[in-house]
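A.B. asks: This is final-v6.csv, which holds CSV, C-alpha atoms:
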```csv
chain,number,residue,atom,x,y,z
T,708,MET,CA,0.0,0.0,0.0
T,709,ALA,CA,1.2,3.5,-0.8
T,710,PRO,CA,1.8,5.9,2.1
T,711,GLY,CA,-1.1,8.3,2.7
T,712,ARG,CA,-0.9,12.1,3.2
T,713,ALA,CA,-1.1,11.9,6.9
T,714,GLU,CA,2.0,9.7,7.1
T,715,GLN,CA,3.9,12.3,5.1
T,716,LEU,CA,3.3,15.2,7.5
T,717,PRO,CA,5.5,15.6,10.6
T,718,ALA,CA,4.1,14.5,13.8
T,719,ALA,CA,2.6,17.2,16.0
T,720,SER,CA,3.4,17.5,19.7
T,721,ASP,CA,0.8,17.3,22.4
T,722,ALA,CA,1.1,21.0,23.1
T,723,GLU,CA,0.4,21.9,19.4
T,724,LEU,CA,-2.6,19.6,19.4
T,725,ARG,CA,-4.0,21.2,22.6
T,726,GLY,CA,-3.5,24.7,21.1
T,727,LEU,CA,-5.3,23.7,17.9
T,728,ASP,CA,-8.1,22.2,20.0
T,729,ALA,CA,-8.4,25.4,22.0
T,730,GLN,CA,-8.6,27.4,18.7
T,731,ILE,CA,-11.3,25.1,17.4
T,732,ALA,CA,-13.3,25.5,20.6
T,733,ALA,CA,-13.0,29.3,20.5
T,734,LEU,CA,-14.1,29.4,16.8
T,735,SER,CA,-16.9,27.0,17.5
T,736,GLY,CA,-18.1,29.3,20.3
T,737,GLN,CA,-18.0,32.3,17.9
T,738,VAL,CA,-20.0,30.4,15.3
T,739,GLN,CA,-22.6,29.4,17.9
T,740,ALA,CA,-22.8,33.0,19.1
T,741,LEU,CA,-23.3,34.3,15.5
T,742,GLN,CA,-25.9,31.7,14.8
T,743,GLN,CA,-27.8,32.6,18.0
T,744,SER,CA,-27.6,36.3,16.9
T,745,CYS,CA,-29.1,35.4,13.5
T,746,ARG,CA,-31.9,33.4,15.1
T,747,GLN,CA,-32.7,36.3,17.4
T,748,MET,CA,-32.7,38.8,14.5
T,749,GLU,CA,-35.0,36.5,12.5
T,750,ALA,CA,-37.3,36.2,15.6
T,751,GLY,CA,-37.6,40.0,15.7
T,752,GLU,CA,-35.7,40.9,18.8
T,753,ARG,CA,-34.0,44.3,18.7
T,754,PRO,CA,-30.5,43.5,17.6
T,755,GLY,CA,-29.0,46.4,19.4
T,756,SER,CA,-30.0,45.1,22.8
T,757,PRO,CA,-27.2,43.5,24.8
T,758,SER,CA,-29.0,40.2,25.1
T,759,ALA,CA,-29.6,40.0,21.4
T,760,VAL,CA,-26.0,40.5,20.2
T,761,PRO,CA,-23.3,38.3,21.7
T,762,ALA,CA,-19.8,39.7,22.2
T,763,ALA,CA,-18.5,37.7,19.1
T,764,ALA,CA,-21.1,39.3,16.8
T,765,ARG,CA,-20.6,42.9,18.1
T,766,GLY,CA,-17.3,43.2,16.2
T,767,HIS,CA,-19.0,42.2,12.9
T,768,GLY,CA,-21.3,45.3,12.5
T,769,LEU,CA,-24.5,43.4,13.2
T,770,SER,CA,-25.6,45.5,16.1
T,771,GLY,CA,-26.6,48.6,14.1
T,772,ALA,CA,-29.3,47.3,11.7
T,773,SER,CA,-32.7,45.9,12.5
T,774,LEU,CA,-34.3,42.9,10.7
T,775,PRO,CA,-36.7,45.0,8.5
T,776,GLU,CA,-33.8,47.2,7.4
T,777,LEU,CA,-31.7,44.2,6.5
T,778,LYS,CA,-34.5,42.7,4.5
T,779,ASP,CA,-35.1,46.0,2.7
T,780,LEU,CA,-31.4,46.5,1.9
T,781,SER,CA,-30.9,42.9,0.7
T,782,SER,CA,-34.0,43.0,-1.5
T,783,SER,CA,-33.5,46.5,-3.1
T,784,MET,CA,-31.8,46.9,-6.4
T,785,THR,CA,-28.3,48.1,-6.7
T,786,THR,CA,-27.4,51.3,-8.6
T,787,SER,CA,-26.1,49.4,-11.7
T,788,GLU,CA,-29.3,47.3,-11.7
T,789,MET,CA,-31.4,50.4,-11.5
T,790,ALA,CA,-29.5,52.1,-14.3
T,791,LYS,CA,-30.0,49.0,-16.5
T,792,GLU,CA,-33.7,48.9,-15.7
T,793,ILE,CA,-34.0,52.6,-16.5
T,794,LYS,CA,-32.3,52.0,-19.9
T,795,GLU,CA,-34.8,49.2,-20.7
T,796,LEU,CA,-37.8,51.3,-19.7
T,797,LYS,CA,-36.6,54.2,-21.9
T,798,ARG,CA,-36.1,51.8,-24.8
T,799,ASP,CA,-39.6,50.4,-24.3
T,800,CYS,CA,-41.0,53.9,-24.1
T,801,GLU,CA,-39.3,55.0,-27.3
T,802,SER,CA,-40.6,51.9,-29.2
T,803,TYR,CA,-44.2,52.5,-27.9
T,804,THR,CA,-43.9,56.2,-28.9
T,805,GLU,CA,-42.8,55.2,-32.4
T,806,LYS,CA,-45.6,52.7,-32.7
T,807,LEU,CA,-48.1,55.3,-31.6
T,808,GLU,CA,-46.8,57.8,-34.1
T,809,ARG,CA,-47.1,55.2,-36.9
T,810,MET,CA,-50.7,54.5,-35.8
T,811,LYS,CA,-51.6,58.2,-35.8
T,812,SER,CA,-50.1,58.8,-39.2
T,813,ALA,CA,-51.8,55.8,-40.8
T,814,THR,CA,-54.2,56.8,-43.6
T,815,ASN,CA,-56.4,53.7,-43.6
T,816,HIS,CA,-58.7,54.7,-40.8
T,817,VAL,CA,-62.1,53.0,-40.5
T,818,THR,CA,-64.9,55.4,-40.3
T,819,PRO,CA,-67.5,55.0,-37.5
T,820,GLU,CA,-70.2,54.3,-40.2
T,821,GLU,CA,-68.2,51.5,-41.7
T,822,LYS,CA,-67.4,50.1,-38.3
T,823,GLU,CA,-71.1,50.2,-37.3
T,824,LYS,CA,-72.1,48.5,-40.6
T,825,VAL,CA,-69.6,45.6,-40.1
T,826,CYS,CA,-70.7,45.2,-36.5
T,827,SER,CA,-74.4,45.0,-37.4
T,828,GLU,CA,-73.6,42.5,-40.1
T,829,GLN,CA,-71.6,40.4,-37.7
T,830,LYS,CA,-74.5,40.4,-35.2
T,831,LEU,CA,-76.9,39.4,-37.9
T,832,TYR,CA,-74.7,36.5,-39.0
T,833,CYS,CA,-74.2,35.4,-35.4
T,834,ARG,CA,-77.9,35.5,-34.7
T,835,GLU,CA,-78.6,33.4,-37.9
T,836,TRP,CA,-75.9,30.9,-36.9
T,837,ARG,CA,-77.4,30.4,-33.4
T,838,ARG,CA,-80.8,29.9,-35.0
T,839,ARG,CA,-79.4,27.3,-37.4
T,840,LYS,CA,-77.5,25.6,-34.7
T,841,ARG,CA,-80.6,25.3,-32.5
T,842,MET,CA,-82.6,23.8,-35.4
T,843,ALA,CA,-79.8,21.3,-36.2
T,844,THR,CA,-79.5,20.3,-32.5
T,845,GLU,CA,-83.2,19.8,-32.2
T,846,LEU,CA,-83.1,17.7,-35.4
T,847,LEU,CA,-80.2,15.6,-34.2
T,848,ASP,CA,-81.9,15.1,-30.8
T,849,ALA,CA,-85.1,13.9,-32.6
T,850,ILE,CA,-83.0,11.4,-34.7
T,851,LEU,CA,-81.1,10.2,-31.7
T,852,GLU,CA,-84.2,9.4,-29.7
T,853,GLY,CA,-84.6,6.1,-31.6
T,854,TYR,CA,-80.9,5.5,-32.2
T,855,PRO,CA,-79.6,2.6,-30.1
T,856,LYS,CA,-76.0,3.9,-29.7
T,857,SER,CA,-74.5,7.1,-28.3
T,858,LYS,CA,-74.4,10.5,-29.9
T,859,LYS,CA,-70.7,10.2,-30.5
T,860,GLN,CA,-71.1,6.9,-32.3
T,861,PHE,CA,-73.8,8.5,-34.5
T,862,PHE,CA,-71.4,11.2,-35.7
T,863,VAL,CA,-68.6,8.7,-36.4
T,864,SER,CA,-70.5,5.7,-37.6
T,865,PRO,CA,-70.8,5.3,-41.4
T,866,ARG,CA,-73.7,2.8,-40.9
T,867,SER,CA,-76.0,5.4,-39.4
T,868,GLY,CA,-78.0,5.3,-42.5
T,869,LEU,CA,-77.3,9.0,-43.1
T,870,CYS,CA,-74.0,8.5,-44.9
T,871,GLY,CA,-72.1,10.6,-42.4
T,872,ALA,CA,-74.8,13.3,-42.1
T,873,GLY,CA,-74.0,13.6,-38.4
T,874,ALA,CA,-70.5,14.4,-39.3
T,875,VAL,CA,-71.5,16.8,-41.9
T,876,LEU,CA,-73.9,18.6,-39.5
T,877,SER,CA,-71.4,18.7,-36.8
T,878,SER,CA,-68.7,20.2,-39.0
T,879,THR,CA,-70.9,22.8,-40.7
T,880,VAL,CA,-73.8,23.8,-38.5
T,881,LEU,CA,-72.6,23.0,-35.0
T,882,SER,CA,-69.0,24.3,-35.4
T,883,PRO,CA,-68.3,27.6,-33.7
T,884,LEU,CA,-68.5,29.9,-36.7
T,885,CYS,CA,-69.8,32.9,-34.8
T,886,SER,CA,-66.9,35.2,-33.7
T,887,CYS,CA,-69.0,36.5,-30.8
T,888,ARG,CA,-68.9,33.1,-29.2
T,889,ARG,CA,-65.1,33.0,-29.5
T,890,ARG,CA,-64.8,36.3,-27.8
T,891,SER,CA,-67.0,35.5,-24.9
T,892,GLY,CA,-65.7,32.2,-24.0
```
I'd like the structure from this file rewritten - as C-alpha coordinates, please.
C.D. replies:
Amino acid sequence: MAPGRAEQLPAASDAELRGLDAQIAALSGQVQALQQSCRQMEAGERPGSPSAVPAAARGHGLSGASLPELKDLSSSMTTSEMAKEIKELKRDCESYTEKLERMKSATNHVTPEEKEKVCSEQKLYCREWRRRKRMATELLDAILEGYPKSKKQFFVSPRSGLCGAGAVLSSTVLSPLCSCRRRSG
(Lines of atoms letter the chains of each structure in order from A and count residues from 1; the text may use other names and numbers.)
(Lines give C-alpha, C1' and ligand atoms only; values in the text may rest on other atoms or scores of the structure.)
Protein backbone atom coordinates (compact mmCIF):
# COMPACT_ATOMS: atom_id res chain seq x y z
CA MET A 1 0.00 0.00 0.00
CA ALA A 2 1.20 3.52 -0.82
CA PRO A 3 1.78 5.85 2.12
CA GLY A 4 -1.07 8.34 2.74
CA ARG A 5 -0.87 12.07 3.16
CA ALA A 6 -1.09 11.92 6.94
CA GLU A 7 1.98 9.72 7.06
CA GLN A 8 3.94 12.32 5.06
CA LEU A 9 3.26 15.16 7.53
CA PRO A 10 5.51 15.63 10.56
CA ALA A 11 4.08 14.45 13.85
CA ALA A 12 2.57 17.22 16.00
CA SER A 13 3.39 17.50 19.65
CA ASP A 14 0.76 17.30 22.37
CA ALA A 15 1.11 21.03 23.07
CA GLU A 16 0.42 21.89 19.41
CA LEU A 17 -2.61 19.60 19.42
CA ARG A 18 -3.98 21.20 22.58
CA GLY A 19 -3.45 24.67 21.08
CA LEU A 20 -5.34 23.67 17.92
CA ASP A 21 -8.15 22.17 20.03
CA ALA A 22 -8.40 25.44 21.96
CA GLN A 23 -8.60 27.41 18.67
CA ILE A 24 -11.30 25.07 17.38
CA ALA A 25 -13.29 25.47 20.61
CA ALA A 26 -13.00 29.29 20.48
CA LEU A 27 -14.06 29.44 16.83
CA SER A 28 -16.95 27.03 17.50
CA GLY A 29 -18.11 29.33 20.29
CA GLN A 30 -18.02 32.32 17.93
CA VAL A 31 -20.00 30.38 15.30
CA GLN A 32 -22.63 29.43 17.88
CA ALA A 33 -22.85 33.01 19.08
CA LEU A 34 -23.31 34.30 15.52
CA GLN A 35 -25.94 31.65 14.80
CA GLN A 36 -27.82 32.60 17.97
CA SER A 37 -27.64 36.26 16.95
CA CYS A 38 -29.05 35.42 13.53
CA ARG A 39 -31.90 33.42 15.07
CA GLN A 40 -32.72 36.29 17.41
CA MET A 41 -32.69 38.77 14.53
CA GLU A 42 -35.01 36.54 12.52
CA ALA A 43 -37.29 36.20 15.56
CA GLY A 44 -37.65 39.99 15.65
CA GLU A 45 -35.71 40.91 18.76
CA ARG A 46 -34.02 44.26 18.74
CA PRO A 47 -30.49 43.48 17.59
CA GLY A 48 -28.98 46.43 19.43
CA SER A 49 -29.99 45.11 22.84
CA PRO A 50 -27.16 43.53 24.81
CA SER A 51 -28.99 40.20 25.13
CA ALA A 52 -29.60 39.97 21.41
CA VAL A 53 -26.04 40.50 20.20
CA PRO A 54 -23.31 38.35 21.70
CA ALA A 55 -19.82 39.68 22.15
CA ALA A 56 -18.51 37.74 19.14
CA ALA A 57 -21.07 39.34 16.83
CA ARG A 58 -20.58 42.92 18.05
CA GLY A 59 -17.30 43.18 16.20
CA HIS A 60 -18.96 42.25 12.89
CA GLY A 61 -21.26 45.27 12.54
CA LEU A 62 -24.50 43.39 13.17
CA SER A 63 -25.60 45.54 16.07
CA GLY A 64 -26.62 48.63 14.05
CA ALA A 65 -29.33 47.31 11.72
CA SER A 66 -32.75 45.90 12.46
CA LEU A 67 -34.29 42.93 10.66
CA PRO A 68 -36.67 44.97 8.45
CA GLU A 69 -33.81 47.24 7.43
CA LEU A 70 -31.66 44.25 6.53
CA LYS A 71 -34.48 42.72 4.48
CA ASP A 72 -35.09 46.03 2.69
CA LEU A 73 -31.43 46.47 1.90
CA SER A 74 -30.93 42.92 0.69
CA SER A 75 -34.04 42.99 -1.54
CA SER A 76 -33.49 46.45 -3.05
CA MET A 77 -31.83 46.95 -6.42
CA THR A 78 -28.26 48.09 -6.74
CA THR A 79 -27.36 51.27 -8.60
CA SER A 80 -26.15 49.37 -11.66
CA GLU A 81 -29.32 47.26 -11.73
CA MET A 82 -31.43 50.41 -11.52
CA ALA A 83 -29.49 52.06 -14.34
CA LYS A 84 -30.01 48.95 -16.47
CA GLU A 85 -33.74 48.93 -15.67
CA ILE A 86 -34.04 52.62 -16.54
CA LYS A 87 -32.34 52.03 -19.91
CA GLU A 88 -34.75 49.17 -20.68
CA LEU A 89 -37.78 51.28 -19.72
CA LYS A 90 -36.59 54.20 -21.85
CA ARG A 91 -36.06 51.84 -24.79
CA ASP A 92 -39.59 50.45 -24.33
CA CYS A 93 -41.03 53.95 -24.06
CA GLU A 94 -39.32 54.99 -27.30
CA SER A 95 -40.60 51.93 -29.16
CA TYR A 96 -44.16 52.53 -27.92
CA THR A 97 -43.93 56.20 -28.90
CA GLU A 98 -42.80 55.23 -32.42
CA LYS A 99 -45.62 52.70 -32.67
CA LEU A 100 -48.14 55.34 -31.57
CA GLU A 101 -46.85 57.81 -34.14
CA ARG A 102 -47.12 55.17 -36.88
CA MET A 103 -50.70 54.47 -35.84
CA LYS A 104 -51.60 58.16 -35.76
CA SER A 105 -50.10 58.79 -39.18
CA ALA A 106 -51.85 55.81 -40.82
CA THR A 107 -54.25 56.81 -43.60
CA ASN A 108 -56.40 53.68 -43.63
CA HIS A 109 -58.67 54.65 -40.76
CA VAL A 110 -62.09 53.01 -40.51
CA THR A 111 -64.94 55.45 -40.31
CA PRO A 112 -67.51 55.01 -37.55
CA GLU A 113 -70.20 54.31 -40.16
CA GLU A 114 -68.17 51.48 -41.70
CA LYS A 115 -67.45 50.07 -38.27
CA GLU A 116 -71.14 50.16 -37.32
CA LYS A 117 -72.10 48.47 -40.60
CA VAL A 118 -69.59 45.65 -40.07
CA CYS A 119 -70.67 45.16 -36.45
CA SER A 120 -74.36 45.02 -37.37
CA GLU A 121 -73.64 42.47 -40.13
CA GLN A 122 -71.62 40.39 -37.70
CA LYS A 123 -74.48 40.43 -35.19
CA LEU A 124 -76.94 39.39 -37.90
CA TYR A 125 -74.72 36.48 -39.00
CA CYS A 126 -74.18 35.42 -35.40
CA ARG A 127 -77.95 35.46 -34.73
CA GLU A 128 -78.58 33.36 -37.86
CA TRP A 129 -75.85 30.92 -36.89
CA ARG A 130 -77.39 30.44 -33.44
CA ARG A 131 -80.83 29.86 -34.98
CA ARG A 132 -79.43 27.26 -37.40
CA LYS A 133 -77.46 25.57 -34.65
CA ARG A 134 -80.57 25.33 -32.46
CA MET A 135 -82.56 23.83 -35.36
CA ALA A 136 -79.79 21.31 -36.15
CA THR A 137 -79.48 20.32 -32.49
CA GLU A 138 -83.23 19.76 -32.23
CA LEU A 139 -83.15 17.68 -35.45
CA LEU A 140 -80.25 15.56 -34.18
CA ASP A 141 -81.92 15.06 -30.80
CA ALA A 142 -85.07 13.85 -32.59
CA ILE A 143 -83.03 11.42 -34.69
CA LEU A 144 -81.07 10.19 -31.67
CA GLU A 145 -84.24 9.39 -29.67
CA GLY A 146 -84.61 6.15 -31.59
CA TYR A 147 -80.90 5.52 -32.22
CA PRO A 148 -79.60 2.62 -30.10
CA LYS A 149 -76.03 3.93 -29.74
CA SER A 150 -74.51 7.06 -28.29
CA LYS A 151 -74.42 10.48 -29.91
CA LYS A 152 -70.68 10.20 -30.45
CA GLN A 153 -71.08 6.91 -32.30
CA PHE A 154 -73.78 8.47 -34.48
CA PHE A 155 -71.38 11.16 -35.65
CA VAL A 156 -68.58 8.70 -36.35
CA SER A 157 -70.49 5.67 -37.65
CA PRO A 158 -70.76 5.28 -41.45
CA ARG A 159 -73.68 2.81 -40.91
CA SER A 160 -75.96 5.41 -39.37
CA GLY A 161 -78.01 5.34 -42.55
CA LEU A 162 -77.35 9.01 -43.06
CA CYS A 163 -74.04 8.54 -44.92
CA GLY A 164 -72.11 10.61 -42.42
CA ALA A 165 -74.79 13.27 -42.13
CA GLY A 166 -74.04 13.56 -38.44
CA ALA A 167 -70.46 14.37 -39.25
CA VAL A 168 -71.50 16.85 -41.91
CA LEU A 169 -73.93 18.57 -39.55
CA SER A 170 -71.39 18.72 -36.76
CA SER A 171 -68.69 20.19 -38.96
CA THR A 172 -70.87 22.77 -40.71
CA VAL A 173 -73.80 23.81 -38.54
CA LEU A 174 -72.59 23.00 -35.05
CA SER A 175 -69.05 24.31 -35.38
CA PRO A 176 -68.33 27.63 -33.68
CA LEU A 177 -68.55 29.93 -36.69
CA CYS A 178 -69.75 32.91 -34.75
CA SER A 179 -66.93 35.19 -33.67
CA CYS A 180 -68.97 36.55 -30.78
CA ARG A 181 -68.89 33.09 -29.22
CA ARG A 182 -65.11 33.00 -29.55
CA ARG A 183 -64.76 36.34 -27.81
CA SER A 184 -67.05 35.46 -24.93
CA GLY A 185 -65.67 32.16 -23.99
A.B. asks: Please report the interatomic distance between CA of Pro855 (chain T) and CA of Arg838 (chain T) in Å with one decimal.
C.D. replies: 27.8 Å
A.B. asks: What is the distance between CA of Gln715 (chain T) and CA of Asp728 (chain T), in Å to one decimal?
C.D. replies: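 These atoms are spaced 21.5 Å apart.
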A.B. asks: Please, what distance in Å, to one decimal, runs between CA of Ser857 (chain T) and CA of Arg839 (chain T)?
C.D. replies: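 Here the two named atoms are 22.7 Å from each other.
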